[in-house]
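Visitor: Next comes coords_31.cif, mmCIF, C-alpha atoms and all ligand atoms:
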```cif
data_structure
#
loop_
_atom_site.label_atom_id
_atom_site.label_comp_id
_atom_site.auth_asym_id
_atom_site.auth_seq_id
_atom_site.Cartn_x
_atom_site.Cartn_y
_atom_site.Cartn_z
CA MET A 20 191.22 64.41 122.81
CA GLU A 21 192.25 62.99 119.49
CA MET A 22 190.08 64.43 116.79
CA LEU A 23 189.00 62.47 113.76
CA ASP A 24 191.10 63.51 110.79
CA LYS A 25 189.04 65.74 108.64
CA THR A 26 190.12 64.59 105.22
CA SER A 27 187.10 62.64 104.14
CA LEU A 28 185.66 65.31 101.88
CA LYS A 29 188.84 65.29 99.84
CA LEU A 30 189.00 61.52 99.54
CA PRO A 31 188.18 59.95 96.20
CA LYS A 32 184.55 59.06 96.09
CA GLU A 33 184.15 55.48 97.29
CA ASN A 34 180.53 55.17 96.29
CA PRO A 35 180.02 57.01 92.98
CA GLU A 36 176.25 56.54 93.08
CA ALA A 37 175.87 58.49 96.31
CA GLU A 38 174.83 62.15 96.29
CA ASP A 39 176.69 64.98 97.97
CA PHE A 40 174.03 67.07 99.68
CA LEU A 41 174.85 65.59 103.12
CA PRO A 42 178.64 65.51 103.57
CA LEU A 43 179.50 63.27 106.54
CA LEU A 44 182.93 63.38 108.14
CA GLY A 45 182.50 60.18 110.13
CA THR A 46 180.69 58.64 113.08
CA ASP A 47 180.85 61.15 115.93
CA HIS A 48 179.60 58.83 118.66
CA VAL A 49 177.09 56.10 119.42
CA GLU A 50 174.72 56.67 122.35
CA LEU A 51 173.14 53.73 124.15
CA TYR A 52 170.23 54.07 126.55
CA VAL A 53 170.93 51.59 129.33
CA GLY A 54 169.51 50.56 132.69
CA ASN A 55 172.67 51.36 134.62
CA ALA A 56 175.17 53.61 132.84
CA LYS A 57 177.80 53.41 135.58
CA GLN A 58 178.01 49.63 135.39
CA ALA A 59 177.74 49.58 131.58
CA ALA A 60 180.67 52.02 131.49
CA TYR A 61 182.67 49.68 133.69
CA TYR A 62 181.92 46.81 131.28
CA TYR A 63 183.03 48.72 128.19
CA MET A 64 186.15 49.88 129.99
CA SER A 65 187.19 46.66 131.69
CA ALA A 66 186.20 44.21 128.97
CA TRP A 67 186.46 46.30 125.82
CA GLY A 68 189.36 48.57 126.72
CA PHE A 69 187.50 51.86 126.28
CA GLN A 70 189.02 54.85 128.06
CA PRO A 71 187.09 57.24 130.30
CA LEU A 72 186.55 60.58 128.57
CA ALA A 73 183.66 62.68 129.88
CA TYR A 74 180.75 62.67 132.30
CA ALA A 75 177.49 64.51 132.84
CA GLY A 76 175.12 63.97 135.76
CA LEU A 77 174.02 65.43 139.08
CA GLU A 78 177.49 66.90 139.65
CA THR A 79 177.23 68.89 136.40
CA GLY A 80 173.75 70.18 137.04
CA LEU A 81 171.64 67.48 135.40
CA LYS A 82 168.65 66.48 137.49
CA ASP A 83 167.18 63.49 135.69
CA ARG A 84 169.88 61.55 133.84
CA VAL A 85 173.54 60.60 133.72
CA SER A 86 175.91 59.99 130.80
CA TYR A 87 179.36 58.44 130.68
CA VAL A 88 181.47 58.99 127.55
CA LEU A 89 184.11 56.43 126.62
CA GLN A 90 186.65 56.47 123.85
CA GLN A 91 188.99 54.10 122.02
CA GLU A 92 190.85 55.69 119.10
CA LYS A 93 188.05 57.12 116.95
CA ILE A 94 185.20 55.21 118.59
CA ARG A 95 183.17 57.14 121.15
CA LEU A 96 180.37 55.52 123.15
CA VAL A 97 177.93 57.48 125.29
CA LEU A 98 176.07 55.48 127.95
CA THR A 99 173.00 57.19 129.31
CA SER A 100 170.59 56.22 132.11
CA SER A 101 167.66 57.92 133.78
CA LEU A 102 167.96 59.00 137.44
CA VAL A 103 164.22 59.40 137.98
CA PRO A 104 161.08 57.36 137.35
CA GLY A 105 159.24 57.78 134.08
CA GLY A 106 160.54 59.73 131.13
CA GLU A 107 161.84 58.92 127.68
CA ILE A 108 165.00 57.04 128.66
CA ASN A 109 163.18 54.67 131.02
CA ARG A 110 160.43 54.12 128.49
CA HIS A 111 163.05 53.26 125.85
CA VAL A 112 164.84 50.83 128.16
CA GLU A 113 161.57 49.26 129.26
CA SER A 114 160.56 48.70 125.65
CA HIS A 115 163.89 47.70 124.11
CA GLY A 116 166.22 46.79 126.93
CA ASP A 117 169.66 48.38 126.70
CA GLY A 118 170.23 49.45 123.11
CA VAL A 119 171.53 51.99 120.64
CA LYS A 120 169.45 55.17 120.69
CA ALA A 121 171.57 57.47 118.54
CA ILE A 122 174.08 57.01 115.76
CA ALA A 123 175.60 60.48 115.81
CA LEU A 124 177.25 61.70 112.63
CA TRP A 125 180.00 64.30 112.46
CA VAL A 126 179.20 67.09 110.02
CA ASP A 127 180.48 70.55 109.09
CA ASP A 128 177.03 72.10 109.31
CA ALA A 129 174.36 70.56 111.52
CA THR A 130 171.75 73.12 110.47
CA GLN A 131 172.23 72.43 106.78
CA SER A 132 172.26 68.66 107.49
CA TYR A 133 168.92 69.04 109.25
CA ASN A 134 167.42 71.15 106.47
CA GLU A 135 168.65 68.90 103.66
CA THR A 136 167.28 65.75 105.30
CA THR A 137 163.99 67.05 106.68
CA SER A 138 163.19 68.74 103.36
CA ARG A 139 163.61 65.29 101.77
CA GLY A 140 161.20 63.66 104.17
CA ALA A 141 163.16 62.88 107.35
CA VAL A 142 161.10 63.16 110.54
CA SER A 143 162.59 65.70 112.96
CA TYR A 144 163.97 64.42 116.26
CA PHE A 145 165.01 67.89 117.34
CA GLU A 146 165.71 71.15 115.55
CA PRO A 147 169.22 72.61 115.37
CA LYS A 148 170.35 73.88 118.76
CA GLU A 149 173.58 75.45 119.98
CA LEU A 150 175.31 74.31 123.17
CA LYS A 151 177.94 76.64 124.62
CA ASP A 152 180.52 76.68 127.36
CA GLU A 153 183.92 78.30 127.92
CA ASN A 154 185.45 75.93 125.32
CA GLY A 155 183.24 77.08 122.49
CA SER A 156 180.04 75.91 120.95
CA ILE A 157 178.55 72.85 119.32
CA ILE A 158 175.49 72.69 117.13
CA LEU A 159 173.31 69.57 117.24
CA SER A 160 170.26 68.52 115.27
CA GLY A 161 168.51 65.18 114.91
CA ILE A 162 166.28 63.07 112.69
CA HIS A 163 164.52 59.76 113.18
CA THR A 164 165.47 56.57 111.35
CA TYR A 165 164.24 52.96 111.74
CA GLY A 166 162.39 52.01 114.91
CA GLU A 167 163.14 54.47 117.71
CA THR A 168 166.72 54.93 116.54
CA VAL A 169 167.85 58.43 115.63
CA HIS A 170 170.68 60.19 113.84
CA VAL A 171 172.12 63.20 115.59
CA PHE A 172 174.19 65.59 113.47
CA VAL A 173 177.13 67.01 115.42
CA GLU A 174 178.89 70.20 114.29
CA ARG A 175 181.95 70.66 116.47
CA GLY A 176 184.09 73.04 114.38
CA GLN A 177 183.90 75.78 117.03
CA TYR A 178 184.54 73.52 120.01
CA ASN A 179 187.76 72.68 121.85
CA GLY A 180 186.40 70.99 124.97
CA ILE A 181 186.59 67.38 126.01
CA PHE A 182 183.31 66.23 124.43
CA MET A 183 180.42 68.68 124.48
CA PRO A 184 179.20 71.59 126.58
CA GLY A 185 177.60 70.17 129.72
CA TYR A 186 180.20 67.44 130.13
CA ILE A 187 183.22 67.46 132.40
CA LYS A 188 186.40 65.47 132.00
CA TRP A 189 186.04 62.03 133.53
CA ASP A 190 189.38 60.89 134.88
CA PRO A 191 189.09 57.92 137.22
CA TYR A 192 192.10 55.95 138.42
CA PHE A 193 190.83 52.85 136.60
CA LYS A 194 191.98 52.92 132.98
CA PRO A 195 192.34 49.41 131.60
CA LYS A 196 194.59 48.87 128.62
CA ASP A 197 192.90 49.32 125.25
CA VAL A 198 192.40 46.30 122.98
CA GLY A 199 193.32 47.97 119.69
CA LEU A 200 189.88 48.99 118.42
CA LYS A 201 190.23 51.84 115.93
CA TYR A 202 186.97 53.04 114.38
CA ILE A 203 183.41 52.06 113.60
CA ASP A 204 183.43 50.15 110.34
CA HIS A 205 179.67 49.79 109.96
CA MET A 206 176.45 49.84 111.97
CA VAL A 207 173.76 47.33 111.05
CA GLY A 208 170.02 47.86 111.42
CA ASN A 209 167.39 45.15 111.70
CA VAL A 210 163.98 46.17 110.38
CA GLY A 211 160.67 44.34 110.14
CA TRP A 212 159.19 42.12 107.44
CA ASN A 213 159.31 43.77 103.98
CA GLU A 214 160.81 46.97 105.36
CA MET A 215 164.38 46.68 104.08
CA ASN A 216 163.70 48.44 100.79
CA LYS A 217 161.75 51.19 102.52
CA TRP A 218 164.70 51.99 104.78
CA CYS A 219 167.25 51.65 101.98
CA GLU A 220 165.15 54.19 100.06
CA PHE A 221 165.17 56.41 103.15
CA TYR A 222 168.98 56.42 103.18
CA GLU A 223 169.03 57.00 99.43
CA LYS A 224 166.47 59.80 99.22
CA VAL A 225 166.85 61.49 102.59
CA MET A 226 170.60 61.14 103.14
CA GLY A 227 171.97 60.73 99.60
CA PHE A 228 173.40 57.27 100.27
CA ALA A 229 173.64 54.57 97.60
CA GLN A 230 173.72 50.84 97.72
CA LEU A 231 177.30 49.60 97.78
CA VAL A 232 177.98 47.89 94.50
CA SER A 233 180.43 45.51 96.09
CA PHE A 234 177.93 43.86 98.34
CA ASP A 235 175.49 41.02 98.21
CA ASP A 236 172.46 42.77 96.91
CA LYS A 237 170.56 39.69 96.00
CA ASP A 238 168.19 37.74 98.16
CA ILE A 239 170.38 35.69 100.49
CA SER A 240 167.49 33.86 102.08
CA THR A 241 168.32 30.17 102.34
CA ASP A 242 167.76 27.42 104.84
CA TYR A 243 170.59 28.87 106.84
CA THR A 244 170.31 32.60 106.54
CA ALA A 245 166.60 33.41 106.35
CA LEU A 246 167.29 37.10 106.05
CA MET A 247 167.81 39.68 103.37
CA SER A 248 170.39 42.42 103.53
CA LYS A 249 171.50 45.49 101.61
CA VAL A 250 174.38 47.82 102.42
CA MET A 251 173.87 51.56 102.05
CA SER A 252 176.84 53.92 102.20
CA ASN A 253 177.56 57.60 101.85
CA GLY A 254 179.77 59.13 99.16
CA ASN A 255 183.13 58.92 100.91
CA GLY A 256 182.37 55.40 102.16
CA ARG A 257 183.00 56.23 105.81
CA ILE A 258 179.42 55.59 106.82
CA LYS A 259 178.11 52.13 106.00
CA PHE A 260 174.69 50.99 107.13
CA PRO A 261 173.69 47.45 106.18
CA ILE A 262 169.94 46.94 106.61
CA ASN A 263 168.54 43.45 107.32
CA GLU A 264 164.99 42.17 107.21
CA PRO A 265 163.71 38.70 108.14
CA ALA A 266 162.95 36.19 105.43
CA ASP A 267 161.04 32.95 105.45
CA GLY A 268 163.20 29.94 106.10
CA LYS A 269 162.87 26.52 107.58
CA LYS A 270 163.46 28.01 110.97
CA LYS A 271 162.76 31.28 112.74
CA SER A 272 164.87 34.07 111.32
CA GLN A 273 167.51 35.50 113.65
CA ILE A 274 166.15 38.91 112.58
CA GLU A 275 162.69 37.94 113.79
CA GLU A 276 164.14 36.92 117.13
CA TYR A 277 165.83 40.32 117.36
CA ILE A 278 162.65 42.21 116.41
CA GLN A 279 160.72 40.22 119.02
CA PHE A 280 163.14 40.94 121.86
CA TYR A 281 163.99 44.50 120.86
CA ASN A 282 160.29 45.12 120.41
CA GLY A 283 160.83 46.63 116.97
CA ALA A 284 163.52 47.72 114.56
CA GLY A 285 166.92 48.75 115.90
CA VAL A 286 170.67 48.40 115.72
CA GLN A 287 171.69 44.74 115.48
CA HIS A 288 175.45 45.08 115.56
CA MET A 289 178.26 47.57 115.65
CA ALA A 290 181.35 46.54 113.70
CA MET A 291 184.58 47.87 115.17
CA ALA A 292 187.79 47.76 113.19
CA THR A 293 191.21 46.70 114.40
CA ASP A 294 194.52 46.39 112.58
CA ASN A 295 195.50 43.30 114.56
CA ILE A 296 192.50 41.06 115.05
CA ILE A 297 194.50 38.27 116.71
CA HIS A 298 195.74 40.68 119.39
CA THR A 299 192.32 42.31 119.83
CA VAL A 300 190.31 39.10 120.06
CA THR A 301 192.87 37.47 122.38
CA ALA A 302 192.62 40.45 124.73
CA LEU A 303 188.81 40.52 124.57
CA ARG A 304 188.55 36.80 125.22
CA ASP A 305 190.92 37.10 128.18
CA ARG A 306 188.61 39.76 129.62
CA GLY A 307 185.51 37.62 129.33
CA ILE A 308 183.97 38.50 125.95
CA GLU A 309 182.21 35.51 124.41
CA PHE A 310 182.29 34.97 120.67
CA LEU A 311 180.31 32.82 118.29
CA THR A 312 182.32 29.79 117.30
CA VAL A 313 182.34 27.78 114.10
CA PRO A 314 183.19 24.06 113.81
CA SER A 315 186.89 23.37 113.30
CA SER A 316 185.95 21.89 109.90
CA TYR A 317 185.54 25.52 108.74
CA TYR A 318 189.32 25.81 108.77
CA GLU A 319 189.97 22.63 106.80
CA ASP A 320 189.17 24.20 103.45
CA VAL A 321 189.02 27.91 104.18
CA LEU A 322 192.33 28.64 102.49
CA ASP A 323 191.12 26.86 99.34
CA ARG A 324 188.29 29.39 99.30
CA VAL A 325 190.15 32.58 100.24
CA GLY A 326 193.69 31.86 99.00
CA GLU A 327 196.84 32.99 100.73
CA ILE A 328 196.69 35.23 103.77
CA ASP A 329 199.40 36.95 105.81
CA GLU A 330 198.35 35.42 109.13
CA ASP A 331 199.07 31.93 110.43
CA LEU A 332 195.90 29.88 110.30
CA GLU A 333 196.44 28.29 113.72
CA PRO A 334 195.73 31.35 115.92
CA LEU A 335 192.75 32.26 113.73
CA LYS A 336 191.39 28.75 114.23
CA GLU A 337 192.13 28.83 117.94
CA LEU A 338 190.22 32.11 118.34
CA GLY A 339 187.45 31.28 115.87
CA ILE A 340 188.19 34.19 113.53
CA LEU A 341 186.51 33.94 110.11
CA ILE A 342 188.10 34.80 106.76
CA ASP A 343 186.57 36.01 103.50
CA ARG A 344 187.84 37.46 100.24
CA ASP A 345 186.46 39.74 97.54
CA ASP A 346 187.94 41.28 94.38
CA GLU A 347 189.98 43.79 96.34
CA GLY A 348 191.46 41.75 99.15
CA TYR A 349 190.45 39.79 102.20
CA LEU A 350 189.00 40.42 105.62
CA LEU A 351 189.06 38.79 109.04
CA GLN A 352 186.02 38.98 111.29
CA ILE A 353 184.40 37.55 114.39
CA PHE A 354 181.10 38.19 116.15
CA THR A 355 180.31 38.28 119.84
CA LYS A 356 177.30 36.72 121.45
CA PRO A 357 174.72 39.37 122.46
CA VAL A 358 176.42 41.85 124.82
CA LEU A 359 173.37 42.48 126.99
CA ASP A 360 170.50 40.49 128.52
CA ARG A 361 168.16 40.32 125.55
CA PRO A 362 169.33 38.50 122.38
CA THR A 363 169.62 41.80 120.51
CA LEU A 364 172.82 43.86 120.18
CA PHE A 365 176.15 42.23 119.43
CA ILE A 366 179.55 43.48 118.28
CA GLU A 367 181.65 42.47 115.30
CA ILE A 368 185.42 42.81 115.24
CA ILE A 369 186.74 43.27 111.72
CA GLN A 370 190.18 43.66 110.16
CA ARG A 371 190.17 44.67 106.52
CA LYS A 372 193.09 43.71 104.34
CA GLY A 373 191.86 45.30 101.15
CA ALA A 374 188.38 43.78 101.12
CA LYS A 375 185.51 46.25 101.14
CA SER A 376 182.72 43.71 101.51
CA PHE A 377 181.12 42.22 104.61
CA GLY A 378 182.01 38.55 104.80
CA LYS A 379 179.36 37.00 102.59
CA GLY A 380 181.42 33.83 102.30
CA ASN A 381 181.07 33.37 106.06
CA PHE A 382 177.31 33.77 106.22
CA LYS A 383 176.56 30.07 106.16
CA ALA A 384 179.00 29.12 108.94
CA LEU A 385 178.02 32.19 110.89
CA PHE A 386 174.29 31.72 110.65
CA GLU A 387 174.62 28.08 111.65
CA ALA A 388 176.45 29.29 114.75
CA ILE A 389 173.69 31.82 115.46
CA GLU A 390 171.06 29.11 114.99
CA ARG A 391 172.79 26.94 117.59
CA GLU A 392 172.56 29.87 120.00
CA GLN A 393 168.91 30.48 119.10
CA ALA A 394 168.16 26.80 119.71
CA SER A 395 169.71 27.06 123.18
CA ARG A 396 167.39 30.02 123.88
CA GLY A 397 164.36 28.13 122.60
CA THR A 398 163.72 30.81 119.98
CA LEU A 399 164.52 28.91 116.80
FE FE2 B 1 178.80 43.31 110.03
#
```
Starting from the file, give its structure as structure tokens.
Guide:
Amino acid sequence: MEMLDKTSLKLPKENPEAEDFLPLLGTDHVELYVGNAKQAAYYYMSAWGFQPLAYAGLETGLKDRVSYVLQQEKIRLVLTSSLVPGGEINRHVESHGDGVKAIALWVDDATQSYNETTSRGAVSYFEPKELKDENGSIILSGIHTYGETVHVFVERGQYNGIFMPGYIKWDPYFKPKDVGLKYIDHMVGNVGWNEMNKWCEFYEKVMGFAQLVSFDDKDISTDYTALMSKVMSNGNGRIKFPINEPADGKKKSQIEEYIQFYNGAGVQHMAMATDNIIHTVTALRDRGIEFLTVPSSYYEDVLDRVGEIDEDLEPLKELGILIDRDDEGYLLQIFTKPVLDRPTLFIEIIQRKGAKSFGKGNFKALFEAIEREQASRGTL
């Protein structure tokens, strides 16, 4: 298994305001609780190009649940379902539908991470525990964040196995070609009315994060957007958590629609980075992924706004890829429609060419596209 390169602690500090008491090496994995992990795994493999990595279930001694672990470059997804009635996983799925349960963070010391965060007010999800097998040991601990979402700290310095103790290698014949996804760029949370600042403070006080100076920190509530957003990041900039809350607008906020269908706060989108967005989005579209589209008029003046770019405009227009620029460069991005039944979780594909921001210049076109989708669902 390719390990994440462990150089982040030596990188220049990307966010000078952030504190250092919780060094994070990167996103270890994202775990979704789903109604049918086997079929969800097939979707993320066949449509998204994830590769089979590890499995835990009846065959490994579990009695009540099953997990499939998928990987594409540095992105690891864990899909977990219950095998029995009742229990926490079923209750979560019943309440929220399929959704992100855990954003697991890779650390050098999961015990210290737990102590530093709980002593600053984090609510414990579980205390540090060691898992062992013949390949070594892993230490896990966990804290709660917004809604029923949790952060699990993963210390894997003493482990050489495929994923974690308890998992076996999963090596089916079916291994669709990857689509060029590289790493998790950011994970966005939707929280309830007037809760954005509370959760930004949580990331600041409990995890030592700071608001990214480069981002849109002002109220971006307009006719079109009707939401507010702040981006929190850790010191080395590898972990970026934008937090959205609904705002009053002429129409129902897309965040309110999410909160209604997710039945509370939760992860709104995962942004996955590629270094060739035209290739990645072409492959995804060919495999059935549906993206939000903007009117072709978007492309008539986009280059006046963002200046010169390396790519030809025509394929970007054909695929519906959006472009934005900040002081440091530009970025290309596109958003899927919700990837499950409820209008909740979606995925962003992003290619950064210097830009460190989040596509503020695209908000208007993007939110109009979302509103068209909301209207078709009768939830606008
Ligand atoms: Fe995003």
Visitor: Give me, as JSON lines, the closest atom pair and its distance (Å, one decimal) for every residue of chain A within a cut-off of 8 Å of ligand FE2 1 (chain B), counting only C-alpha atoms and all ligand atoms, rows sorted by chain and rising number.
Guide:
```
{"residue": "A:His205", "atom": "CA", "partner": "B:FE2_1", "partner_atom": "FE", "distance": 6.5}
{"residue": "A:Met206", "atom": "CA", "partner": "B:FE2_1", "partner_atom": "FE", "distance": 7.2}
{"residue": "A:Val207", "atom": "CA", "partner": "B:FE2_1", "partner_atom": "FE", "distance": 6.5}
{"residue": "A:Pro261", "atom": "CA", "partner": "B:FE2_1", "partner_atom": "FE", "distance": 7.6}
{"residue": "A:His288", "atom": "CA", "partner": "B:FE2_1", "partner_atom": "FE", "distance": 6.7}
{"residue": "A:Met289", "atom": "CA", "partner": "B:FE2_1", "partner_atom": "FE", "distance": 7.1}
{"residue": "A:Ala290", "atom": "CA", "partner": "B:FE2_1", "partner_atom": "FE", "distance": 5.5}
{"residue": "A:Glu367", "atom": "CA", "partner": "B:FE2_1", "partner_atom": "FE", "distance": 6.0}
{"residue": "A:Phe377", "atom": "CA", "partner": "B:FE2_1", "partner_atom": "FE", "distance": 6.0}
{"residue": "A:Gly378", "atom": "CA", "partner": "B:FE2_1", "partner_atom": "FE", "distance": 7.8}
```
Visitor: Name the residues in contact with Gly161 in chain A at a cut-off of 12 Å, using only C-alpha atoms, excluding same-chain residues fewer than 5 positions from it; report them as a PyMOL selection string.
Guide: chain A and resi 120-126+129-137+141-148+168-174
Visitor: Residues at most 9 Å from Lys151 in chain A, counting only C-alpha atoms, excluding those fewer than 6 positions away in the same chain, as a PyMOL selection string?
Guide: chain A and resi 157-158+178+183-185
Visitor: Please, what distance in Å, to one decimal, runs between CA of Leu332 in chain A and CA of Gln393 in chain A?
Guide: 28.4 Å
Visitor: Out of A:Ala384, A:Ile368, A:Ala302, A:Met291, which residue has the shortest atom-to-atom distance to Tyr317 in chain A when counting only C-alpha atoms?
Guide: A:Ala384
Visitor: In Å, with one decimal, what is the gap from CA of Met251 in chain A to CA of Ala37 in chain A?
Guide: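 Taking CA of Met251 in chain A as the start and CA of Ala37 in chain A as the end point, the length is 9.2 Å.
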